[in-house]
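So the structure is just underneath, and the comments pick up after that.
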Amino acid sequence: MKILVCVKQVSVPGTYPAADKPPPGFRINSYDEYALEEALLLKERIEKTTVHAVSAGPERVTAVIKRAMEMGADQGMHIRYEQEEQLTPYQVATLIASYARDRQYDIILTGVMADDDMQMQTGQMIAGILGYPYASSVVSHEIREGRTMYVERECDARQRQCLEIEMPCVLTIQSGINRPRYPSLSNILRAKQQKIESINALDLPEARETEVRLFSPGIKPKGTILQGTRREKAVQLLEILHEKALL
Amino acid sequence: MRNKIAVIAQHADNRIDPVTYEAVSCALELCAGETSCIQIIVPGDRVEKVAQEISGETGIDTIALENELLKIYNAEAYTSALVTFFRQRAPGYILIPHTSVGYDFAPLLAIKLEASCITAVKQVNGSDGTTAFVHEVFDGRLYAEVVSKTKTTVITIQPGAWEPLGRQPGKSGIVETRNVTVNPGKTRTIAFRQSDYQGAALANSEVIVSAGRGIGKKENLSLIYEVAKLFPRSALGCSRAVCDAGWLEYSHQVGITGSTVSPKLYFAIGISGAVQHITGIKGAQVIVAVNSDPAARFFTIADYCIVEDLTQFIPTLVEEFKKKYGSFSK
Ligand SMILES: Cc1cc2nc3c(=O)[nH]c(=O)nc-3n(C[C@H](O)[C@H](O)[C@H](O)COP(=O)(O)OP(=O)(O)OC[C@H]3O[C@@H](n4cnc5c(N)ncnc54)[C@H](O)[C@@H]3O)c2cc1C
Ligand SMILES: Nc1ncnc2c1ncn2[C@@H]1O[C@H](COP(=O)(O)O)[C@@H](O)[C@H]1O
């Protein structure tokens with residue numbers, strides 16, 4: 001079985017409060033760690049399974065491809081372009097789909113959402129472009145007879161959608177489905193010696209929408225900010241709760 | 001101008017999800033209240049009654065788009081029905097509630113219609129004749145304003161961002177039922193079921209004390225239990241991050257994919273206030289938030305904001321409580 005995992009490099013949480021400053025640090029998108037772990041668990045269960053990790057972006061994103069290899073991905077692919085600005089999910093999906101098209105992946109995994117653009121589109125779009133079925137926000141799955149997967153999607157209000165889809169397919173993985181592993185020493189050493197395959201994305205697909213402005217909504221507290229020392233705040237809070245008959 | 005905006009209704013088992021009416025409100029804002037520009041679409045099997053109800057509420061033309069393959073939601077079948085329908089008259093905007101159904105099929109619909117796709121939209125800004133859609137990025141610390149470059153734009157509407165359109169008496173829309181051909185694709189929905197984790201205890205609680213990732217480690221849950229013990233009847237809630245880390249079971253999760261709660265008091269400790277979390281506490285009467293980050297999103301909705309390190313603040317709070325009341329109330 002061949003599995004492709006899409007990993008995105010995102011800015012480190014907590015370091016991007018300003019719209020006008022470049023982020024000081026990057027990491028692997030949190031949901032993609034769950035996707036990668038799912039692929040590695042399948043590899044452990046099913047013989048002759050290979051896991052490839054792909055990321056699209058400028059040179060710096062090779063760091064997350066390396067990270068994926070250190071976690072256990074067999075190979076890393078970099079779809080390279082120069083621009084620092086984010087591509088839209090449609091553009092990324094087009095690049096990844098054209099990479100994957102003739103490479104016979106049985107399953108393509110993505111995270112349910114990118115921590116930075118929060119669009120929840122890329123996985124579904126990769127499937128749409130390739131004509132594969134998909135399920136988003138997957139919390140459990142199982143390979144059934146033949147080429148069928150049984151999948152459970154997490155839905156609102158604790159509901160689950162149970163479905164069957166044919167392989168090849170795309171699954172977007174929700175957090176909590178597993179505990180992503182840390183890189184092992186042997187994989188770190190292996191990844192050090194391995195090359196990342198690189199493909200230049202010469203013609204970027206044209207974006208269908210453009211971001212015209214990024215701004216801080218500003219934090220406007222709605223209520224009362226308790227003032228004073230820690231102890232004074234504690235006393236005030238108890239008084240407020242008492243007044244409101246909540247204590 | 002007719003049929004410029006299509007709203008896809010969200011419904012299941014003959015019940016209309018109120019987010020449908022929020023999407024209608026957004027549609028009305030986009031067309032400056034001109035209801036004749038809007039058409040509501042109800043994909044399903046035998047959904048004429050649902051369509052009638054929606055049209056009766058809103059006074060807007062509604063189409064029941066029927067096929068037995070649409071009886072139970074399936075991304076491929078749904079999209080196939082909508083594509084067949086829209087190919088004849090592609091609207092400028094297709095508005096879909098950003099629910100676990102909506103965000104599942106919206107990107108596929110956009111691909112099939114060669115439309116742009118903007119998700120989790122919470123605001124519409126218009127100036128010089130261009131319409132920009134605002135959605136959160138970076139955990140909601142920043143907002144992005146996005147403009148579409150295509151004739152048709154697929155948009156998902158963040159639940160809670162618009163007030164649902166209330167009943168419009170005196171107005172009436174036309175209800176039409178249309179059979180549509182559907183290609184079921186390679187997806188088959190077996191069922192929707194309730195997850196094994198129940199949240200009944202939370203749904204009925206008057207006081208909920210809730211922990212977030214900010215507690216740092218599982219052992220610090222003891223601090224949260226101490227706060228819970230201050231109240232005679234309270235339940236323990238948490239953010240999804242706490243469940244994902246394995247610190248608490250998913251039955252404690254509050255939010256859009258967990259429990260929706262409406263307690264008298266919601267006490268949020270070390271929770272950032274992600275939109276998926278706070279959508280679940282819309283009904284809370286009083287909200288107290290403790291967070292060490294003065295810019296935490298929770299402070300934009302909390303009634304009482306406490307900027308403190310929880311590991312230091314909670315022991316002080318408990319101490320002061322004991323001074324005042326002698327001991328725990330339970
Ligand atoms: C489809 C989907 C559905 C989702 N559904 C839900 C849902 O139903 N419910 C839900 O909760 N989430 C849900 N999420 C996840 C959500 O997006 C957030 O990731 C999650 O709510 C974050 O949890 P948190 O606030 O505990 O963690 P974080 O965002 O990491 O926040 C931790 C907070 O703790 C504060 N903190 C740190 N240390 C301290 C300290 N010592 N003292 C005080 N404060 C401190 C930090 O300042 C920060 O604000 C969903 C996500 C997706 C994609
Ligand atoms: N540049 C990228 N390279 C590789 N994978 C990506 C990229 N952008 C998005 N993805 C994948 O698509 C998922 C959803 O992203 P989004 O649609 O932007 O919320 C992410 O979790 C990644 O798995």
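We name chains A, B, ... following the order of the structure tokens; residues begin at 1 in each chain, and ligands are numbered from 1 as shown.
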
**Request:** Let me have all residues with an atom within 7 Å of ligand 1, counting only C-alpha atoms and all ligand atoms, laid out as a ChimeraX atom specification.
**Result:** /A:112-113,137,174 /B:211-216,238-242,253-258,269-277,280,290-293,296,308-311

**Item:** Protein and nucleic residues near ligand 2, 8 Å, only C-alpha atoms and all ligand atoms, as a VMD selection string
**Value:** chain A and resid 5 to 9 29 to 32 35 54 to 57 79 86 to 89 92 to 93 96 109 to 123 172 to 173

**Near-Ile60 in chain B list (6 Å; only C-alpha atoms; drop same-chain fewer than 2 positions) as a ChimeraX atom specification** = /B:55,58,173

**Request:** Name the residues of range 39-142 of chain B that fall into helix (DSSP H, G or I) according to DSSP on the backbone, using the chain letters and numbers of this document, as an MDAnalysis selection string.
**Result:** chainID B and resid 48:58 68:70 75:88 102:113 138:140

Might you pull out every residue within 9 Å of Glu70 in chain A, with only C-alpha atoms counted and same-chain residues fewer than 6 positions away left off, and present them as a compact mmCIF listing (two decimals) with C-alpha atoms, in the first residue's frame?
# COMPACT_ATOMS: atom_id res chain seq x y z
CA TYR A 182 8.33 11.63 18.78
CA PRO A 183 11.14 10.99 16.32
CA SER A 184 13.25 8.00 17.28
CA LEU A 185 17.03 8.21 17.24
CA SER A 186 17.29 5.64 14.44
CA ASN A 187 14.82 7.56 12.28
CA ILE A 188 16.63 10.82 12.98
CA LEU A 189 19.86 9.24 11.76
CA ARG A 190 18.15 7.74 8.72
CA ALA A 191 16.49 11.03 7.81
CA LYS A 192 19.84 12.80 8.06

**Message:** If the cut-off is 7 Å, can you tell me the residues of chain B near chain A, counting only C-alpha atoms? I'd like them as number ranges by chain.
**Reply:** B: 99-100, 103-104, 107-108, 111, 116, 119, 137-139, 141-150, 186-195, 231, 244, 256-259, 295, 299-306, 313, 316-317, 320

**Request:** Find the distance between CA of Asn179 in chain B and CA of Pro159 in chain B and write it in Å to one decimal.
**Result:** 29.5 Å

**Message:** Please compute the CA of Gly33 in chain B-CA of Leu165 in chain B distance, one decimal, in Å.
**Reply:**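 Result for CA of Gly33 in chain B versus CA of Leu165 in chain B: 11.4 Å, one decimal.
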
**Message:** What's the separation between CA of Val209 in chain B and CA of Pro263 in chain B, in Å to one decimal place?
**Reply:** 10.1 Å

**Message:** Could you list, as a ChimeraX atom specification, every residue within 10 Å of Arg87 in chain B, counting only C-alpha atoms and ignoring same-chain residues fewer than 4 positions away?
**Reply:** /B:82-83,91,112-113

Please, could you write that set of residues out with all heavy atoms as a compact mmCIF listing (two decimals), in the first residue's frame?
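Writing done, so here's again22.txt:
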# COMPACT_ATOMS: atom_id res chain seq x y z
N LEU B 82 -26.27 19.26 -6.49
CA LEU B 82 -26.16 20.72 -6.57
C LEU B 82 -25.49 21.16 -7.87
O LEU B 82 -25.90 22.16 -8.48
CB LEU B 82 -25.37 21.24 -5.36
CG LEU B 82 -26.11 21.13 -4.03
CD1 LEU B 82 -25.18 21.41 -2.85
CD2 LEU B 82 -27.31 22.08 -3.98
N VAL B 83 -24.50 20.39 -8.31
CA VAL B 83 -23.83 20.75 -9.56
C VAL B 83 -24.82 20.66 -10.72
O VAL B 83 -24.90 21.57 -11.54
CB VAL B 83 -22.60 19.83 -9.81
CG1 VAL B 83 -22.08 19.98 -11.23
CG2 VAL B 83 -21.50 20.17 -8.81
N PRO B 91 -25.36 30.81 -9.54
CA PRO B 91 -25.53 32.06 -8.82
C PRO B 91 -24.18 32.71 -8.52
O PRO B 91 -23.13 32.06 -8.65
CB PRO B 91 -26.22 31.62 -7.52
CG PRO B 91 -25.85 30.20 -7.35
CD PRO B 91 -25.48 29.64 -8.69
N LYS B 112 -15.96 21.57 -8.49
CA LYS B 112 -16.81 21.16 -9.62
C LYS B 112 -17.36 22.36 -10.39
O LYS B 112 -17.60 22.27 -11.58
CB LYS B 112 -17.99 20.32 -9.11
CG LYS B 112 -17.56 19.04 -8.42
CD LYS B 112 -17.35 17.93 -9.41
CE LYS B 112 -16.98 16.66 -8.66
NZ LYS B 112 -16.37 15.66 -9.52
N LEU B 113 -17.59 23.47 -9.70
CA LEU B 113 -18.15 24.64 -10.37
C LEU B 113 -17.07 25.62 -10.80
O LEU B 113 -17.37 26.71 -11.30
CB LEU B 113 -19.14 25.36 -9.44
CG LEU B 113 -20.40 24.59 -9.03
CD1 LEU B 113 -21.19 25.39 -8.00
CD2 LEU B 113 -21.26 24.29 -10.24

**Message:** Just want the 9 Å neighbourhood of Asn183 in chain B, counted on only C-alpha atoms, with same-chain residues fewer than 6 positions away dropped. Output as a list of chain:residue names.
**Reply:**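 Here the answer would be B:Leu69, B:Glu76, B:Ala77, B:Tyr78, B:Ser80, B:Ala81.
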
Next, the residues of the selection above should be written as a PDB file, in the first residue's frame with N, CA and C atoms.
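What ended up in part-v1.pdb:
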ATOM      1  N   LEU B  69     -31.322   9.225  -3.263  1.00  0.00           N
ATOM      2  CA  LEU B  69     -29.917   9.101  -2.855  1.00  0.00           C
ATOM      3  C   LEU B  69     -29.485  10.240  -1.914  1.00  0.00           C
ATOM      4  N   GLU B  76     -20.444  13.272  -1.951  1.00  0.00           N
ATOM      5  CA  GLU B  76     -20.457  13.142  -3.409  1.00  0.00           C
ATOM      6  C   GLU B  76     -21.863  13.284  -3.993  1.00  0.00           C
ATOM      7  N   ALA B  77     -22.838  12.634  -3.343  1.00  0.00           N
ATOM      8  CA  ALA B  77     -24.208  12.686  -3.861  1.00  0.00           C
ATOM      9  C   ALA B  77     -24.768  14.114  -3.762  1.00  0.00           C
ATOM     10  N   TYR B  78     -24.542  14.741  -2.604  1.00  0.00           N
ATOM     11  CA  TYR B  78     -25.012  16.110  -2.402  1.00  0.00           C
ATOM     12  C   TYR B  78     -24.444  17.050  -3.461  1.00  0.00           C
ATOM     13  N   SER B  80     -23.132  16.296  -6.333  1.00  0.00           N
ATOM     14  CA  SER B  80     -23.604  15.965  -7.668  1.00  0.00           C
ATOM     15  C   SER B  80     -24.974  16.595  -7.933  1.00  0.00           C
ATOM     16  N   ALA B  81     -25.865  16.516  -6.949  1.00  0.00           N
ATOM     17  CA  ALA B  81     -27.199  17.116  -7.120  1.00  0.00           C
ATOM     18  C   ALA B  81     -27.095  18.627  -7.318  1.00  0.00           C
TER      19      ALA B  81
END

**Request:** Tell me, as a PyMOL selection string, which residues lie within 9 Å of Leu130 in chain A, counting only C-alpha atoms; anything in the same chain fewer than 5 positions away does not count.
**Result:** chain A and resi 97-98+100-101+125

**Message:** Could you go through range 97-235 of chain A and tell me which residues DSSP, when run on the backbone, assigns to strand (DSSP E or B), listing them as a ChimeraX atom specification?
**Reply:** /A:107-111,134-144,148-154,159-166,169-173,197-200,209-215,224-225

**Item:** Closest of B:Val307, B:Val7, B:Val124, B:Leu65 to Pro97 in chain B - atom-to-atom distances counting only C-alpha atoms
**Value:**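 Answer, going by the shortest atom-to-atom distance: B:Val7.
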